[in-house]
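J.: This is my_file_29.txt, which holds compact mmCIF, C-alpha atoms:
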# COMPACT_ATOMS: atom_id res chain seq x y z
CA MET M 148 0.00 0.00 0.00
CA GLY M 149 2.68 2.52 0.95
CA THR M 150 4.93 2.96 -2.09
CA GLY M 151 7.20 5.68 -0.77
CA ILE M 152 7.47 7.12 -4.31
CA PRO M 153 7.83 10.93 -4.24
CA ARG M 154 5.16 12.92 -6.07
CA ARG M 155 7.55 14.42 -8.61
CA ALA M 156 8.94 10.98 -9.49
CA PHE M 157 5.38 9.82 -9.99
CA LEU M 158 4.64 12.71 -12.35
CA LYS M 159 7.78 11.99 -14.37
CA GLN M 160 6.82 8.33 -14.77
CA GLY M 161 3.57 9.30 -16.49
CA VAL M 162 0.09 7.86 -16.26
CA THR M 163 -1.66 4.73 -17.41
CA ALA M 164 -3.64 4.99 -20.65
CA GLY M 165 -4.68 8.58 -20.00
CA THR M 166 -6.42 7.72 -16.75
CA GLY M 167 -4.19 9.74 -14.46
CA LEU M 168 -3.43 6.57 -12.44
CA LEU M 169 -0.22 4.66 -11.85
CA ILE M 170 -0.84 0.98 -11.19
CA LEU M 171 1.61 -0.68 -8.79
CA ASN M 172 1.27 -4.24 -7.49
CA SER M 173 -2.32 -4.41 -8.74
CA GLY M 174 -3.24 -1.37 -6.65
CA VAL M 175 -3.56 2.38 -7.17
CA LEU M 176 -0.96 4.82 -5.93
CA ARG M 177 -2.77 6.54 -3.08
CA GLY M 178 -0.28 8.87 -1.48
CA GLN M 179 3.39 9.10 -0.69
CA SER M 180 3.35 8.57 3.08
CA PRO M 181 3.49 5.11 4.70
CA ASN M 182 -0.06 5.43 6.06
CA ASN M 183 -1.45 6.45 2.64
CA LYS M 184 -2.33 9.93 3.79
CA LEU M 185 -1.68 13.08 1.83
CA ASN M 186 0.82 15.62 3.06
CA VAL M 187 -1.32 18.76 3.05
CA ALA M 188 -0.45 22.44 3.39
CA VAL M 189 -3.30 24.72 4.49
CA ILE M 190 -2.89 28.38 3.52
CA GLY M 191 -5.31 30.59 5.45
CA VAL M 192 -6.32 28.83 8.67
CA ALA M 193 -9.17 30.91 10.16
CA GLY M 194 -12.74 31.59 9.03
CA ARG M 195 -13.35 29.54 5.89
CA GLY M 196 -9.77 28.37 6.29
CA GLY M 197 -10.66 26.84 9.64
CA ALA M 198 -13.63 25.05 8.10
CA ASN M 199 -11.52 23.73 5.23
CA LEU M 200 -8.82 22.67 7.67
CA GLY M 201 -11.46 20.65 9.45
CA GLY M 202 -12.50 19.09 6.14
CA VAL M 203 -9.01 17.68 5.50
CA LYS M 204 -7.78 17.09 9.06
CA GLY M 205 -7.79 13.32 8.55
CA GLU M 206 -4.75 13.72 6.28
CA ASN M 207 -1.22 14.64 7.34
CA ILE M 208 -1.26 18.40 7.93
CA VAL M 209 2.41 19.20 7.34
CA ALA M 210 2.28 22.96 6.81
CA LEU M 211 0.14 25.85 8.07
CA CYS M 212 0.29 29.38 6.70
CA ASP M 213 -1.40 32.64 7.70
CA VAL M 214 -0.43 36.32 7.76
CA ASN M 215 -2.08 36.55 11.20
CA ALA M 216 0.28 35.04 13.79
CA ASN M 217 -2.54 34.56 16.31
CA ASN M 218 -4.58 32.51 13.83
CA LEU M 219 -1.48 30.53 12.98
CA ALA M 220 -0.68 29.80 16.62
CA ASN M 221 -4.22 28.57 17.29
CA ALA M 222 -4.10 26.20 14.32
CA ALA M 223 -0.62 24.98 15.32
CA LYS M 224 -1.97 23.87 18.70
CA GLN M 225 -4.21 21.41 16.86
CA PHE M 226 -1.46 20.29 14.48
CA PRO M 227 1.82 20.68 16.38
CA GLN M 228 3.71 18.53 13.86
CA ALA M 229 3.07 21.04 11.04
CA ARG M 230 5.63 23.63 10.03
CA THR M 231 4.30 27.19 10.16
CA HIS M 232 4.72 30.01 7.66
CA LYS M 233 3.37 33.53 7.21
CA ASP M 234 4.34 33.83 3.52
CA TRP M 235 2.50 31.37 1.27
CA ARG M 236 5.33 31.50 -1.27
CA LYS M 237 7.76 30.09 1.29
CA CYS M 238 5.14 27.59 2.38
CA LEU M 239 4.95 26.21 -1.16
CA ASP M 240 8.74 25.76 -1.16
CA GLN M 241 8.49 23.32 1.75
CA LYS M 242 9.57 19.85 0.66
CA GLY M 243 7.21 16.88 0.64
CA ILE M 244 3.87 18.66 0.16
CA ASP M 245 1.37 16.67 -1.91
CA ALA M 246 -1.65 18.97 -1.78
CA VAL M 247 -2.62 22.53 -0.88
CA VAL M 248 -5.82 24.02 0.55
CA CYS M 249 -6.14 27.72 -0.26
CA SER M 250 -8.47 29.84 1.90
CA THR M 251 -6.88 33.25 1.59
CA THR M 252 -8.61 36.48 0.56
CA ASP M 253 -9.88 36.46 -3.03
CA HIS M 254 -7.11 38.63 -4.46
CA THR M 255 -4.46 35.98 -3.77
CA HIS M 256 -6.46 32.87 -4.76
CA ALA M 257 -5.23 32.74 -8.36
CA PHE M 258 -1.61 33.24 -7.25
CA VAL M 259 -1.67 30.37 -4.75
CA ASN M 260 -3.49 28.11 -7.21
CA VAL M 261 -1.08 28.67 -10.07
CA TRP M 262 2.10 28.52 -7.99
CA ALA M 263 0.97 25.30 -6.31
CA MET M 264 0.04 23.58 -9.60
CA ASN M 265 3.32 24.72 -11.15
CA ARG M 266 5.03 22.78 -8.34
CA GLY M 267 3.05 19.61 -9.00
CA MET M 268 0.66 19.97 -6.06
CA HIS M 269 -3.02 19.11 -5.95
CA VAL M 270 -5.16 22.14 -5.00
CA TYR M 271 -8.45 22.79 -3.21
CA CYS M 272 -9.38 26.50 -3.33
CA GLU M 273 -12.18 28.44 -1.75
CA LYS M 274 -14.45 30.25 -4.18
CA PRO M 275 -13.91 32.22 -6.29
CA LEU M 276 -10.79 30.86 -7.97
CA ALA M 277 -9.71 34.31 -9.07
CA ASN M 278 -10.39 38.04 -8.90
CA SER M 279 -10.45 38.80 -12.64
CA VAL M 280 -11.43 37.18 -15.92
CA HIS M 281 -7.79 36.85 -16.93
CA GLU M 282 -6.78 35.27 -13.62
CA ALA M 283 -9.56 32.70 -13.95
CA ARG M 284 -8.31 31.82 -17.43
CA VAL M 285 -4.71 31.42 -16.23
CA VAL M 286 -5.82 29.13 -13.38
CA ARG M 287 -7.88 27.02 -15.76
CA GLU M 288 -5.16 26.73 -18.41
CA THR M 289 -2.52 25.88 -15.80
CA TYR M 290 -4.72 23.04 -14.60
CA LEU M 291 -5.43 21.79 -18.13
CA ARG M 292 -1.71 21.42 -18.76
CA SER M 293 -1.57 18.97 -15.84
CA LYS M 294 -5.01 17.40 -16.22
CA GLY M 295 -4.84 13.72 -15.30
CA LYS M 296 -1.90 14.37 -12.99
CA LEU M 297 -3.36 16.83 -10.48
CA ALA M 298 -6.67 16.88 -8.62
CA THR M 299 -8.32 20.27 -8.20
CA GLN M 300 -11.56 21.43 -6.60
CA MET M 301 -13.16 24.82 -6.02
CA GLY M 302 -14.95 25.26 -2.69
CA THR M 303 -18.54 25.38 -3.94
CA GLN M 304 -19.63 22.97 -1.24
CA ILE M 305 -23.32 23.03 -2.23
CA HIS M 306 -22.33 21.25 -5.46
CA ALA M 307 -21.98 18.10 -3.34
CA THR M 308 -25.57 18.14 -2.04
CA ASP M 309 -28.25 15.73 -3.21
CA ASN M 310 -30.69 18.54 -4.02
CA PHE M 311 -28.40 20.09 -6.64
CA ARG M 312 -27.99 16.66 -8.23
CA ARG M 313 -31.73 16.14 -8.49
CA VAL M 314 -32.22 19.57 -10.08
CA VAL M 315 -29.51 18.85 -12.66
CA GLU M 316 -31.21 15.55 -13.53
CA LEU M 317 -34.63 17.18 -13.89
CA VAL M 318 -33.30 19.90 -16.19
CA ARG M 319 -31.24 17.53 -18.32
CA ASP M 320 -34.16 15.08 -18.59
CA LYS M 321 -36.33 17.97 -19.82
CA VAL M 322 -39.04 17.74 -17.16
CA ILE M 323 -39.80 21.40 -18.02
CA GLY M 324 -38.94 20.94 -21.69
CA THR M 325 -36.33 23.02 -23.49
CA VAL M 326 -34.88 25.70 -21.23
CA SER M 327 -34.57 29.15 -22.81
CA ASP M 328 -33.51 31.25 -19.84
CA VAL M 329 -32.41 31.03 -16.23
CA ARG M 330 -32.76 33.74 -13.60
CA VAL M 331 -30.51 33.67 -10.55
CA TRP M 332 -30.61 36.03 -7.61
CA CYS M 333 -29.20 36.69 -4.16
CA SER M 334 -30.60 39.59 -2.16
CA ARG M 335 -27.53 40.17 0.00
CA THR M 336 -26.70 43.89 -0.08
CA PRO M 337 -23.06 44.84 0.50
CA GLN M 338 -21.75 48.14 1.78
CA GLY M 339 -20.32 50.62 -0.69
CA GLY M 340 -18.00 53.48 0.16
CA GLU M 341 -14.33 54.14 -0.41
CA TYR M 342 -11.09 52.42 0.50
CA LEU M 343 -10.61 52.75 4.23
CA PRO M 344 -8.42 55.50 5.72
CA ALA M 345 -5.18 54.89 7.55
CA ALA M 346 -5.70 53.66 11.09
CA GLY M 347 -2.23 53.60 12.54
CA ASP M 348 0.35 50.83 12.41
CA PRO M 349 -0.80 47.24 12.07
CA PRO M 350 -0.53 45.11 15.21
CA GLU M 351 2.59 42.98 15.57
CA HIS M 352 0.72 39.76 14.88
CA VAL M 353 -0.48 40.91 11.41
CA ASP M 354 1.84 41.13 8.41
CA TRP M 355 -0.05 43.82 6.51
CA ASP M 356 2.30 43.84 3.52
CA LEU M 357 1.72 40.11 2.96
CA TRP M 358 -2.04 40.55 3.41
CA LEU M 359 -1.99 43.15 0.62
CA GLY M 360 0.04 40.76 -1.50
CA PRO M 361 -0.24 41.61 -5.22
CA SER M 362 -2.82 44.37 -4.75
CA PRO M 363 -1.93 48.07 -4.93
CA SER M 364 -0.69 49.46 -1.64
CA HIS M 365 -3.28 50.65 0.91
CA PRO M 366 -2.81 51.91 4.47
CA TYR M 367 -3.63 49.51 7.26
CA ASN M 368 -7.17 49.54 8.61
CA PRO M 369 -8.67 46.72 10.73
CA GLY M 370 -12.00 47.31 8.97
CA TYR M 371 -10.75 45.13 6.12
CA PHE M 372 -10.80 42.12 8.47
CA GLY M 373 -13.75 40.17 9.81
CA GLY M 374 -14.82 37.86 6.98
CA CYS M 375 -15.39 38.20 3.27
CA LEU M 376 -18.08 40.88 3.56
CA ALA M 377 -15.51 43.20 5.14
CA TRP M 378 -13.10 43.12 2.21
CA ASN M 379 -14.64 41.57 -0.91
CA ARG M 380 -16.63 44.72 -1.70
CA PHE M 381 -13.36 46.45 -2.68
CA TRP M 382 -12.11 46.00 -6.24
CA ASP M 383 -8.52 45.32 -5.18
CA PHE M 384 -9.49 42.53 -2.77
CA GLY M 385 -12.68 40.90 -4.06
CA SER M 386 -15.45 40.83 -6.64
CA GLY M 387 -18.65 41.56 -4.74
CA GLN M 388 -21.65 39.28 -4.66
CA ILE M 389 -21.28 37.95 -8.20
CA GLY M 390 -17.86 36.68 -7.15
CA ASP M 391 -18.96 35.44 -3.73
CA MET M 392 -22.54 34.13 -3.79
CA GLY M 393 -22.52 33.95 -7.57
CA SER M 394 -20.00 31.11 -7.31
CA HIS M 395 -22.62 29.05 -5.49
CA MET M 396 -25.82 30.17 -7.17
CA MET M 397 -24.61 30.27 -10.78
CA ASP M 398 -23.03 26.85 -10.29
CA LEU M 399 -26.42 25.12 -10.60
CA PRO M 400 -27.47 26.43 -14.05
CA TYR M 401 -23.87 26.18 -15.25
CA TRP M 402 -23.87 22.49 -14.35
CA ALA M 403 -27.40 21.62 -15.40
CA LEU M 404 -27.19 23.30 -18.82
CA ASP M 405 -23.56 22.48 -19.65
CA LEU M 406 -22.74 26.17 -20.02
CA ARG M 407 -19.27 27.30 -20.98
CA PHE M 408 -18.28 30.61 -22.53
CA PRO M 409 -20.91 33.23 -23.43
CA THR M 410 -20.99 35.19 -26.67
CA SER M 411 -22.10 38.43 -25.04
CA CYS M 412 -22.59 40.03 -21.65
CA LYS M 413 -24.17 43.22 -20.37
CA ALA M 414 -24.69 44.55 -16.87
CA THR M 415 -26.08 47.53 -14.96
CA GLY M 416 -25.87 48.60 -11.34
CA THR M 417 -25.38 51.51 -9.03
CA PRO M 418 -23.09 54.32 -10.30
CA VAL M 419 -19.59 52.97 -10.86
CA SER M 420 -17.15 53.56 -8.02
CA THR M 421 -13.38 53.47 -8.40
CA ASP M 422 -13.17 51.72 -5.01
CA THR M 423 -16.07 49.38 -4.38
CA CYS M 424 -18.29 46.90 -6.20
CA PRO M 425 -21.92 47.90 -6.97
CA LEU M 426 -24.55 47.89 -4.25
CA TRP M 427 -26.76 46.04 -6.71
CA LEU M 428 -26.05 44.39 -10.03
CA GLU M 429 -28.17 43.03 -12.86
CA ALA M 430 -26.41 41.06 -15.60
CA GLU M 431 -27.28 39.06 -18.70
CA TRP M 432 -25.18 36.56 -20.66
CA GLU M 433 -26.04 34.89 -23.96
CA HIS M 434 -24.90 31.30 -24.49
CA PRO M 435 -24.91 29.56 -27.86
CA ALA M 436 -26.63 26.21 -28.45
CA ASN M 437 -24.70 23.00 -27.87
CA ASP M 438 -25.35 19.28 -28.41
CA ARG M 439 -27.71 19.07 -25.42
CA ARG M 440 -29.77 22.26 -25.71
CA GLY M 441 -30.62 25.36 -27.67
CA PRO M 442 -29.38 28.90 -26.98
CA VAL M 443 -29.85 30.10 -23.41
CA LYS M 444 -29.90 33.48 -21.69
CA VAL M 445 -28.70 33.65 -18.10
CA TYR M 446 -29.61 36.52 -15.77
CA TRP M 447 -28.15 37.57 -12.41
CA TYR M 448 -29.63 39.89 -9.75
CA ASP M 449 -28.16 40.94 -6.40
CA GLY M 450 -28.41 43.72 -3.81
CA GLY M 451 -32.19 43.37 -3.44
CA LYS M 452 -32.96 43.08 -7.16
CA LYS M 453 -35.05 40.07 -8.17
CA PRO M 454 -36.59 38.69 -11.34
CA GLY M 455 -40.31 38.95 -11.87
CA MET M 456 -41.96 35.71 -10.78
CA PRO M 457 -44.73 34.04 -12.81
CA THR M 458 -47.27 34.85 -10.08
CA LYS M 459 -49.77 32.25 -11.27
CA VAL M 460 -47.09 29.65 -10.74
CA PHE M 461 -45.14 30.68 -7.64
CA ASN M 462 -45.75 32.89 -4.66
CA ARG M 463 -42.15 33.18 -3.58
CA ASP M 464 -41.39 36.89 -3.50
CA GLU M 465 -39.97 36.50 -0.01
CA LEU M 466 -37.11 34.26 -1.17
CA PHE M 467 -33.67 35.62 -0.30
CA LYS M 468 -32.02 33.69 -3.14
CA GLY M 469 -33.00 31.25 -5.84
CA ILE M 470 -32.64 29.88 -9.36
CA LEU M 471 -35.61 29.91 -11.77
CA PHE M 472 -35.36 27.80 -14.93
CA LYS M 473 -37.88 28.62 -17.66
CA GLY M 474 -38.70 25.87 -20.18
CA ASP M 475 -41.26 25.51 -22.92
CA GLN M 476 -43.14 22.99 -20.75
CA GLY M 477 -42.99 24.84 -17.41
CA TRP M 478 -40.75 26.23 -14.67
CA LEU M 479 -38.36 24.83 -12.08
CA LEU M 480 -37.57 26.89 -8.97
CA ALA M 481 -34.66 25.78 -6.80
CA ASP M 482 -32.35 26.78 -3.98
CA TYR M 483 -29.80 24.92 -1.89
CA ASP M 484 -32.35 22.65 -0.24
CA TYR M 485 -35.56 22.59 -2.29
CA ARG M 486 -36.86 22.22 -5.83
CA ILE M 487 -40.36 22.99 -7.14
CA VAL M 488 -41.60 22.03 -10.60
CA MET M 489 -44.68 23.64 -12.12
CA LEU M 490 -45.76 22.45 -15.57
CA ARG M 491 -47.95 24.14 -18.13
CA GLY M 492 -49.63 20.86 -18.96
CA ASP M 493 -49.41 17.24 -17.85
CA MET M 494 -46.42 14.90 -17.46
CA THR M 495 -46.96 12.88 -20.64
CA HIS M 496 -43.87 14.39 -22.26
CA TYR M 497 -41.60 13.26 -19.44
CA ALA M 498 -40.02 9.85 -18.96
CA ARG M 499 -38.54 9.29 -15.51
CA PRO M 500 -34.81 8.65 -15.68
CA GLN M 501 -33.45 5.18 -15.17
CA PRO M 502 -31.39 4.60 -12.00
CA GLU M 503 -28.17 4.25 -13.97
CA SER M 504 -28.55 7.80 -15.32
CA LEU M 505 -28.76 9.37 -11.87
CA ILE M 506 -25.80 11.36 -10.56
CA PRO M 507 -24.19 9.36 -7.73
CA ARG M 508 -24.19 10.75 -4.21
CA SER M 509 -21.07 12.72 -3.31
CA PRO M 510 -18.82 11.43 -0.52
CA GLY M 511 -18.52 15.09 0.51
CA HIS M 512 -16.88 18.02 -1.24
CA HIS M 513 -13.53 17.73 0.56
CA GLN M 514 -13.60 13.94 0.44
CA GLU M 515 -14.23 13.97 -3.30
CA TRP M 516 -11.04 15.97 -3.73
CA ILE M 517 -9.02 13.83 -1.32
CA LYS M 518 -10.14 10.67 -3.12
CA ALA M 519 -9.15 12.24 -6.45
CA CYS M 520 -5.70 13.13 -5.11
CA LYS M 521 -5.13 9.54 -4.04
CA GLU M 522 -6.88 7.56 -6.74
CA GLY M 523 -7.17 9.78 -9.81
CA THR M 524 -10.97 9.83 -9.77
CA PRO M 525 -12.60 12.97 -11.22
CA THR M 526 -13.81 15.96 -9.23
CA LEU M 527 -16.93 17.76 -10.39
CA CYS M 528 -15.71 21.27 -9.54
CA ASN M 529 -12.23 20.89 -11.00
CA PHE M 530 -10.46 24.00 -12.24
CA ASP M 531 -11.54 23.38 -15.85
CA TYR M 532 -15.22 23.59 -14.90
CA SER M 533 -14.91 26.14 -12.11
CA GLY M 534 -12.37 28.29 -13.97
CA ALA M 535 -14.86 28.73 -16.81
CA LEU M 536 -17.64 29.45 -14.30
CA ILE M 537 -15.68 32.18 -12.51
CA GLU M 538 -14.50 33.69 -15.81
CA HIS M 539 -18.16 33.83 -16.91
CA ASN M 540 -19.31 35.51 -13.68
CA LEU M 541 -16.56 38.12 -13.50
CA LEU M 542 -17.13 39.15 -17.11
CA ALA M 543 -20.30 40.84 -15.82
CA LEU M 544 -18.22 43.17 -13.67
CA ALA M 545 -16.15 44.21 -16.68
CA ALA M 546 -19.34 44.98 -18.62
CA TYR M 547 -20.69 46.93 -15.65
CA ARG M 548 -17.53 49.00 -15.25
CA VAL M 549 -17.30 50.02 -18.91
CA GLY M 550 -21.04 50.71 -19.04
CA LYS M 551 -21.76 48.97 -22.33
CA PRO M 552 -22.63 45.47 -23.61
CA LEU M 553 -19.65 43.30 -24.49
CA GLU M 554 -19.38 41.05 -27.50
CA TRP M 555 -17.22 38.28 -26.13
CA ASP M 556 -14.41 36.49 -27.97
CA ALA M 557 -13.62 33.83 -25.40
CA GLU M 558 -10.81 32.27 -27.42
CA ASN M 559 -8.81 35.49 -27.36
CA LEU M 560 -10.15 36.84 -24.05
CA LYS M 561 -11.27 40.04 -25.76
CA ALA M 562 -14.37 42.17 -26.24
CA PRO M 563 -13.87 43.20 -29.92
CA ASN M 564 -16.46 45.97 -29.68
CA CYS M 565 -14.97 47.46 -26.51
CA PRO M 566 -11.14 47.61 -26.25
CA GLU M 567 -11.45 49.66 -23.06
CA ALA M 568 -12.77 46.54 -21.30
CA ASP M 569 -9.20 45.17 -21.28
CA ALA M 570 -8.48 47.33 -18.24
CA TYR M 571 -11.07 45.32 -16.28
CA ILE M 572 -10.34 41.92 -17.84
CA ARG M 573 -6.73 41.94 -16.61
CA LYS M 574 -5.31 43.29 -13.37
CA THR M 575 -1.96 44.92 -12.73
CA TYR M 576 0.04 43.91 -9.66
CA ARG M 577 2.44 45.45 -7.24
CA GLU M 578 6.08 45.26 -8.17
CA GLY M 579 7.59 41.92 -7.24
CA TRP M 580 4.37 39.89 -7.50
CA VAL M 581 4.05 37.42 -10.37
CA LEU M 582 0.88 35.46 -11.14
CA ASN M 583 2.52 32.59 -13.00
CA GLY M 584 5.36 31.88 -10.60
Let's see the structure in the file written out as structure tokens.
T.:
Amino acid sequence: MGTGIPRRAFLKQGVTAGTGLLILNSGVLRGQSPNNKLNVAVIGVAGRGGANLGGVKGENIVALCDVNANNLANAAKQFPQARTHKDWRKCLDQKGIDAVVCSTTDHTHAFVNVWAMNRGMHVYCEKPLANSVHEARVVRETYLRSKGKLATQMGTQIHATDNFRRVVELVRDKVIGTVSDVRVWCSRTPQGGEYLPAAGDPPEHVDWDLWLGPSPSHPYNPGYFGGCLAWNRFWDFGSGQIGDMGSHMMDLPYWALDLRFPTSCKATGTPVSTDTCPLWLEAEWEHPANDRRGPVKVYWYDGGKKPGMPTKVFNRDELFKGILFKGDQGWLLADYDYRIVMLRGDMTHYARPQPESLIPRSPGHHQEWIKACKEGTPTLCNFDYSGALIEHNLLALAAYRVGKPLEWDAENLKAPNCPEADAYIRKTYREGWVLNG
């Protein structure tokens, strides 16, 4: 069972028949340590990082990293055998790491993801994968170059629930017929405002320069701390609700309808600020037909905006968030834990799926990734799928900031009708910070 073969030697030896597996002694290579556990580095150990640490604690936690020394010390008490770091770049240079869990602020996600994959490490990353369209593309393409060798997963934990699986099956089996549009909303309303003013020197236990990372320099202010809602409203650190909740909510139609890259995108919201994301956003993407369906329009609403409900069908105006699929045979309304189908006619058009066509139950979002790291099995939210999803979502913010619809050339990552959108497709970084390192 324990092969003792280092990860890099494994990668050099190649894979069996394109499966991403190396067969040894009639078994599958499951990990490099004698007890078949992964050697995992966890970067960001509090908040979502603490939850993700709990999700992988059954493996060998060999490295912990956080810019907050107090958070790091608390995590080290639970895993005293792990080496500790405050700089994730030095953490990734530690020898013997098989896999990385990234739970940093959004503006460093793409950096950690790319650097880790470049070093042959499996990666689990909190959503979103990136903080710009270009970053999402780089993460996705880096993964595709190592597909079959590395296991990746974005932290859209709801993807692992049974309810999402049942909705996907219903849509794909055309219980509501051919879907022409999907409306997705989340009523969470962020704060607006400006970048925070200087508030003295940072405390000794916080490395403010490392927290800023690749972003432009800003004076220290503790108001940036306290969870994602404290910082992800600022352009340099996050991508608002379409980046945050959109990763979860848009995941369902993206999965169910096999969406990939749109051909156009437009968006409106509150007056554009140079500092913060919109207080509300409405967006629309057009997707071309594929082998499974016709063309589809996808709509997003946040900050209290909602789609109009077919009132004769649903009385759900009180819903905080939801996904409404519209088909030529009816509607399907869903959220994390419910699904409601309302048909225009009877069920004679619908044949119930056979058991073999059902999507199997997930072992759990973290466990799916761990199993993939050890056995080469697929993950549903790998960086190919989730990179395209995040690229799609963040395109809406570029359209919003330029104030005009974008014709989208996904192959070249360009809006041919709007060259000025390039400034919001790609980010610039502080001197010394490299995305593809």
J.: So the first atom is atom CA of M:Leu480 and the second is atom CA of M:Lys468; what is the distance between them in Å, to one decimal place?
T.: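 Interatomic distance here is 10.5 Å.
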J.: Check the smallest atom-to-atom distance from each of M:Ile572, M:Met301, M:Cys412, M:His496 to M:Asn559 using all atoms listed in the file, then report the winner.
T.: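 Selected residue with least distance to M:Asn559: M:Ile572.
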J.: Using only C-alpha atoms for the distances, tell me which of M:Lys184, M:Ala307, M:Pro361, M:Thr299 is nearest to M:Val581.
T.: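 Smallest separation from M:Val581 among the options: M:Pro361.
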J.: Hey, what's within 10 Å of M:Thr526 if we count only C-alpha atoms and toss same-chain stuff fewer than 6 positions away? As number ranges by chain, please?
T.: M: 298-301, 509, 512-520, 532
J.: So, counting all atoms listed in the file, which residue among M:Glu503, M:Asp391, M:Asp356, M:Glu567 is closest to M:Val214?
T.: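 Closest to M:Val214, using all atoms listed in the file: M:Asp356.
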J.: For a quick check of understanding, using all atoms listed in the file, which of M:His539, M:Lys453, M:Arg440, M:Lys561 has the smallest distance to M:Arg319?
T.: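 Answer, going by the shortest atom-to-atom distance: M:Arg440.
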J.: Between M:His254, M:Lys233, M:His395, M:Lys551, which residue has the minimum interatomic distance to M:Ala414, considering all atoms listed in the file?
T.: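 Among the listed residues, M:Lys551 lies closest to M:Ala414.
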